[in-house]
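One structure is given here, and the rest of the page talks about it.
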Amino acid sequence: MRLARRQTNPYQIVLPIFEGPLDLLLHLIHENKLDIYDIPIAQVTEQYLQYLSLMEELDLDIAGEFLVMAATLIEIKSKMLLPPDETADEDEEPIDPRAQLVERLIEYQRYKEAAEILRQFEEERSKVFKSGGEAIEIEYAPFLLKDLTPVDLLAALQRVLAEVGEGEEEVTTITRRRITVRMKMSEIWRRVITSEDGVNFEELFEDKYDRTEIVITFLSVLELLRLRRITVTQKQLFGEIILRKRESVGDE
Amino acid sequence: MNEHIEEITKNGRLKSAIECMLFVSPEPLPAAQMAAALETEESAIEKAVEELIEDLSDRGLQIVRVAGGYQMCTKPEFSSVCQRIMIRQNQKLSRAALETLAVIAYRQPVTQPEIEAIRGVNVSGVIKTLMDKGLIHEVGRKQTPGRPILYGTTPQFLEYMGLEDLSQLPDIDTLATNETEAEQKLFKEHEIVVQDDAQT
């Protein structure tokens with residue numbers, strides 16, 4: 001059972017969270033060791049309403065279903081206070097105003113139990129792993145900071161900041177270089193046709209700190225591929241990607 | 001028949017072939033599907049699987065029957081070992097999700113209002129979660145005013161719970177109330193008597 005806690009309070013109220021009004025009623029019945037077939041409706045109604053006001057005090061949202069159940073309980077309670085209907089047929093057994101509620105509670109209790117069984121199945125099955133298909137992640141060796149003190153970290157931070165020249169608020173005028181895919185394409189093309197062993201894909205990005213230029217470079221490679229000017233090969237997974245001039249241009 | 005397949009199945013290597021199929025299949029494999037793939041009889045597959053299960057008795061892997069098929073997976077006693085290198089998507093279902101799933105599993109095909117009547121709460125959010133997880137799906141529409149959507153559980157539900165089929169769920173009438181349990185027992189005894197009568 002989950003518990004709601006109000007952290008900001010100087011004292012802490014621990015309140016069980018119920019899945020719904022039926023769940024709450026079952027809890028009250030079990031907690032008070034009551035007979036589900038003979039619920040003392042006045043007592044249960046009172047406790048039910050107490051719980052609701054506690055929820056209100058804790059600023060918990062009270063779902064509409066809880067209020068509907070409160071109304072139902074009060075209705076049953078008032079019906080039970082009425083004297084038996086004397087005009088009713090004597091052979092006919094008077095209907096207990098609680099009957100429908102009891103039926104619902106028992107029905108709900110069954111599914112609550114079934115849910116518990118499903119939880120056990122889920123638990124058992126979670127111990128079993130299958131190959132492939134399942135979304136799994138490899139757990140990388142955790143980055144351990146255990147030998148480091150906060151002082152070490154601070155020193156490291158200062159070193160990094162010193163490198164990037166923290167504090168020197170230099171005003172730089174940025175002139176935006178106008179690069180187009182067309183320009184980049186001819187640049188790459190020139191490199192490809194002049195090198196015998198092909199061009200390493202990553203070399204194209206050397207010295208390119210500008211995001212726009214990186215994107216344009218990448219687009220240019222794609223465009224050259226699309227136009228069947230170059231071929232791209234990779235010998236192994238994560239290996240070097242080599243760009244070469246396509247031998248049979250126009251062979252489409 | 002494909003010569004290569006024939007060579008494999010004829011030379012007593014059917015078991016190995018099945019092992020491979022079970023290893024690579026992301027879904028539980030029904031015997032019929034393996035039989036079709038290996039162009040052999042289903043009974044031969046069943047027999048070979050039995051042998052394979054026997055072979056694996058002292059190994060880390062096992063073959064289980066789940067969601068109407070066979071699946072190769074690790075044995076539960078090695079779960080801690082597997083967890084050392086794998087992070088399972090360890091999002092267990094919430095109680096609300098499990099309760100809703102229980103109602104759907106037992107009452108399917110079932111509509112949202114019917115589920116809500118049993119649980120006493122709104123379940124639209126939970127239904128969406130269960131749909132997203134592929135544990136339930138729409139199975140049709142009820143022929144009543146408004147034609148509400150009918151929900152049922154999926155094969156993934158069976159796999160998720162490690163069940164072969166829905167009949168492995170415990171009888172709902174035996175759950176929770178002792179009275180009904182006693183009644184159920186009585187009925188079962190009664191059934192046996194009837195069967196005995198029929199036999200004699």
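Convention: chains lettered A, B, ... in structure tokens order; per-chain residue numbering from 1; ligands numbered from 1 as shown.
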
### Message
So that I can check the surroundings of B:Gln112, please list as a VMD selection string every protein, DNA and RNA residue that reaches within 8 Å of it, counting only C-alpha atoms and ignoring chain neighbours fewer than 3 positions away.
### Response
chain B and resid 115 to 116 123 to 124 148 to 151

Could you list, as a PDB file with C-alpha atoms, in the first residue's frame, every residue of chain B that has an atom within 7 Å of an atom of chain A, counting only C-alpha atoms?
```
ATOM      1  CA  PHE B  23      17.460 -18.524 -29.589  1.00  0.00           C
ATOM      2  CA  PRO B  26      12.023 -12.462 -30.193  1.00  0.00           C
ATOM      3  CA  MET B  72      14.236 -19.913 -24.640  1.00  0.00           C
ATOM      4  CA  CYS B  73      15.145 -17.823 -21.639  1.00  0.00           C
ATOM      5  CA  THR B  74      17.318 -17.817 -18.568  1.00  0.00           C
ATOM      6  CA  LYS B  75      16.443 -19.777 -15.472  1.00  0.00           C
ATOM      7  CA  PRO B  76      14.972 -17.672 -12.662  1.00  0.00           C
ATOM      8  CA  SER B  79      18.229 -13.617 -12.353  1.00  0.00           C
ATOM      9  CA  ILE B  85      24.851  -6.806 -16.887  1.00  0.00           C
ATOM     10  CA  MET B  86      21.335  -5.919 -17.923  1.00  0.00           C
ATOM     11  CA  ILE B  87      19.074  -3.223 -16.701  1.00  0.00           C
ATOM     12  CA  ARG B  88      15.659  -4.632 -17.120  1.00  0.00           C
ATOM     13  CA  GLN B  89      12.936  -2.135 -17.801  1.00  0.00           C
ATOM     14  CA  ALA B  96      -4.392   0.328 -10.485  1.00  0.00           C
ATOM     15  CA  LEU B  98      -2.906  -4.702 -12.200  1.00  0.00           C
ATOM     16  CA  GLU B  99      -6.489  -4.451 -10.952  1.00  0.00           C
ATOM     17  CA  ALA B 102      -7.229  -8.512 -13.815  1.00  0.00           C
ATOM     18  CA  VAL B 103     -10.759  -7.358 -14.642  1.00  0.00           C
ATOM     19  CA  ILE B 118     -16.248  -3.274 -10.792  1.00  0.00           C
ATOM     20  CA  ARG B 119     -13.331  -1.113  -9.689  1.00  0.00           C
ATOM     21  CA  GLY B 120     -15.468   1.864  -8.699  1.00  0.00           C
ATOM     22  CA  VAL B 121     -13.077   4.336 -10.299  1.00  0.00           C
ATOM     23  CA  TYR B 160       4.567 -10.657 -19.601  1.00  0.00           C
ATOM     24  CA  MET B 161       2.927 -12.808 -16.947  1.00  0.00           C
ATOM     25  CA  GLY B 162       4.712 -15.986 -18.073  1.00  0.00           C
ATOM     26  CA  ILE B 172     -11.986 -16.047 -10.178  1.00  0.00           C
ATOM     27  CA  LEU B 175     -10.757 -15.944  -4.970  1.00  0.00           C
ATOM     28  CA  ALA B 176     -11.173 -13.823  -1.872  1.00  0.00           C
TER      29      ALA B 176
END
```

Find the residues around A:Asp96 up to 12 Å (only C-alpha atoms counted), leave out those fewer than 6 positions away in its own chain, and share them as JSON, numbers by chain. {"A": [37, 38, 39, 41, 76, 77, 79, 80, 81, 82, 84, 85, 102, 103]}

Checklist entry - Near B:Glu164, counting only C-alpha atoms, which residues have an atom at most 7 Å away, once you skip same-chain residues fewer than 6 positions from it, shown as number ranges by chain? => result B: 65-68, 158

* May I have the residues within 12 Å of A:Phe218 as a list of chain:residue names, using only C-alpha atoms and disregarding those fewer than 6 positions away in the same chain? =>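 Everything that qualifies: A:Thr180, A:Val181, A:Lys184, A:Met185, A:Ile188, A:Phe201, A:Glu202, A:Glu203, A:Leu204, A:Phe205, A:Lys208, A:Arg211, A:Thr212, A:Leu224, A:Leu225.
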
With distances taken over only C-alpha atoms, which residue among A:Glu46, A:Asp197, A:Asp35, A:Asp61 lies nearest A:Ile241?
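Residue with the minimum atom-to-atom distance to A:Ile241: A:Asp197.
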
- Query: Which residues in stretch 99-193 of chain B does DSSP call strand (DSSP E or B)? List them as a list in words.
  - Reply: Val110, Thr111, Ile136, His137, Glu138, Val139, Gly140, Arg141, Ile149, Leu150, Tyr151, Gly152 and Thr153 of chain B

Test item: residues at most 8 Å from A:Thr231, only C-alpha atoms, excluding those fewer than 2 positions along its chain, as JSON, numbers by chain: {"A": [225, 228, 229, 233, 243, 244, 245, 246]}

**Prompt:** Among stretch 176-250 of chain A, which ones does DSSP place in alpha helix (DSSP H), written as a PyMOL selection string?
**Reply:** chain A and resi 181-194+211-226

Save out the residues we just selected, N, CA, C and O atoms, as a CSV table (one decimal), in the first residue's frame.
```csv
chain,number,residue,atom,x,y,z
A,181,VAL,N,25.3,24.8,-49.0
A,181,VAL,CA,25.5,23.4,-49.3
A,181,VAL,C,26.3,23.3,-50.6
A,181,VAL,O,27.2,22.5,-50.7
A,182,ARG,N,25.9,24.2,-51.6
A,182,ARG,CA,26.6,24.1,-52.9
A,182,ARG,C,28.1,24.3,-52.7
A,182,ARG,O,28.9,23.6,-53.2
A,183,MET,N,28.5,25.4,-51.9
A,183,MET,CA,29.9,25.6,-51.7
A,183,MET,C,30.6,24.5,-51.0
A,183,MET,O,31.7,24.0,-51.4
A,184,LYS,N,29.9,23.9,-50.0
A,184,LYS,CA,30.5,22.8,-49.3
A,184,LYS,C,30.6,21.6,-50.1
A,184,LYS,O,31.6,20.9,-50.1
A,185,MET,N,29.6,21.4,-51.0
A,185,MET,CA,29.7,20.2,-51.9
A,185,MET,C,30.9,20.3,-52.8
A,185,MET,O,31.6,19.3,-53.0
A,186,SER,N,31.2,21.4,-53.4
A,186,SER,CA,32.3,21.5,-54.3
A,186,SER,C,33.6,21.4,-53.5
A,186,SER,O,34.6,20.8,-54.0
A,187,GLU,N,33.6,21.9,-52.3
A,187,GLU,CA,34.8,21.7,-51.4
A,187,GLU,C,35.1,20.2,-51.2
A,187,GLU,O,36.2,19.7,-51.4
A,188,ILE,N,34.0,19.5,-50.8
A,188,ILE,CA,34.2,18.1,-50.5
A,188,ILE,C,34.6,17.3,-51.8
A,188,ILE,O,35.5,16.5,-51.8
A,189,TRP,N,33.9,17.7,-52.8
A,189,TRP,CA,34.1,17.0,-54.1
A,189,TRP,C,35.6,17.2,-54.5
A,189,TRP,O,36.3,16.2,-54.9
A,190,ARG,N,36.2,18.4,-54.3
A,190,ARG,CA,37.6,18.6,-54.7
A,190,ARG,C,38.5,17.7,-53.8
A,190,ARG,O,39.4,17.1,-54.3
A,191,ARG,N,38.1,17.6,-52.6
A,191,ARG,CA,39.0,16.8,-51.7
A,191,ARG,C,38.9,15.3,-52.1
A,191,ARG,O,39.9,14.6,-52.1
A,192,VAL,N,37.7,14.9,-52.5
A,192,VAL,CA,37.5,13.5,-52.8
A,192,VAL,C,38.3,13.2,-54.1
A,192,VAL,O,38.9,12.1,-54.2
A,193,ILE,N,38.2,14.0,-55.1
A,193,ILE,CA,38.8,13.7,-56.4
A,193,ILE,C,40.3,13.8,-56.3
A,193,ILE,O,41.0,13.2,-57.1
A,194,THR,N,40.8,14.6,-55.4
A,194,THR,CA,42.3,14.8,-55.3
A,194,THR,C,43.0,13.7,-54.5
A,194,THR,O,44.2,13.6,-54.5
A,211,ARG,N,28.1,24.9,-35.4
A,211,ARG,CA,27.1,23.9,-35.6
A,211,ARG,C,26.5,24.0,-37.1
A,211,ARG,O,26.3,23.0,-37.7
A,212,THR,N,26.3,25.2,-37.5
A,212,THR,CA,25.7,25.3,-38.9
A,212,THR,C,26.6,24.7,-39.9
A,212,THR,O,26.2,24.0,-40.8
A,213,GLU,N,27.9,24.9,-39.7
A,213,GLU,CA,28.9,24.4,-40.7
A,213,GLU,C,28.9,22.9,-40.7
A,213,GLU,O,29.0,22.2,-41.7
A,214,ILE,N,28.8,22.3,-39.5
A,214,ILE,CA,28.8,20.9,-39.4
A,214,ILE,C,27.5,20.3,-40.1
A,214,ILE,O,27.6,19.3,-40.8
A,215,VAL,N,26.4,20.9,-39.8
A,215,VAL,CA,25.2,20.5,-40.5
A,215,VAL,C,25.3,20.6,-42.0
A,215,VAL,O,24.9,19.6,-42.7
A,216,ILE,N,25.8,21.7,-42.4
A,216,ILE,CA,25.9,21.9,-43.9
A,216,ILE,C,26.9,20.9,-44.5
A,216,ILE,O,26.6,20.3,-45.6
A,217,THR,N,28.0,20.6,-43.8
A,217,THR,CA,28.9,19.6,-44.3
A,217,THR,C,28.2,18.2,-44.4
A,217,THR,O,28.3,17.6,-45.5
A,218,PHE,N,27.5,17.9,-43.4
A,218,PHE,CA,26.8,16.6,-43.4
A,218,PHE,C,25.8,16.5,-44.6
A,218,PHE,O,25.7,15.6,-45.3
A,219,LEU,N,25.0,17.6,-44.7
A,219,LEU,CA,24.0,17.7,-45.8
A,219,LEU,C,24.7,17.5,-47.2
A,219,LEU,O,24.2,16.9,-48.1
A,220,SER,N,25.9,18.1,-47.3
A,220,SER,CA,26.6,18.1,-48.5
A,220,SER,C,27.0,16.7,-48.9
A,220,SER,O,26.9,16.3,-50.1
A,221,VAL,N,27.4,16.0,-47.9
A,221,VAL,CA,27.8,14.6,-48.1
A,221,VAL,C,26.6,13.8,-48.6
A,221,VAL,O,26.7,13.0,-49.6
A,222,LEU,N,25.5,14.0,-47.9
A,222,LEU,CA,24.2,13.3,-48.3
A,222,LEU,C,23.9,13.7,-49.8
A,222,LEU,O,23.5,12.8,-50.6
A,223,GLU,N,24.0,14.9,-50.1
A,223,GLU,CA,23.6,15.4,-51.4
A,223,GLU,C,24.5,14.8,-52.5
A,223,GLU,O,24.0,14.4,-53.5
A,224,LEU,N,25.8,14.7,-52.2
A,224,LEU,CA,26.8,14.1,-53.1
A,224,LEU,C,26.4,12.6,-53.3
A,224,LEU,O,26.5,12.1,-54.4
A,225,LEU,N,26.0,12.0,-52.3
A,225,LEU,CA,25.6,10.6,-52.3
A,225,LEU,C,24.4,10.5,-53.2
A,225,LEU,O,24.3,9.6,-54.1
A,226,ARG,N,23.4,11.4,-53.0
A,226,ARG,CA,22.2,11.3,-53.7
A,226,ARG,C,22.4,11.5,-55.2
A,226,ARG,O,21.8,10.9,-56.0
```

Please list as JSON, numbers by chain every residue within 10 Å of stretch 1-7 of chain B, counting only C-alpha atoms and excluding residues in the same chain fewer than 5 positions away. {"B": [12, 13, 14, 17, 37, 38, 39, 40]}
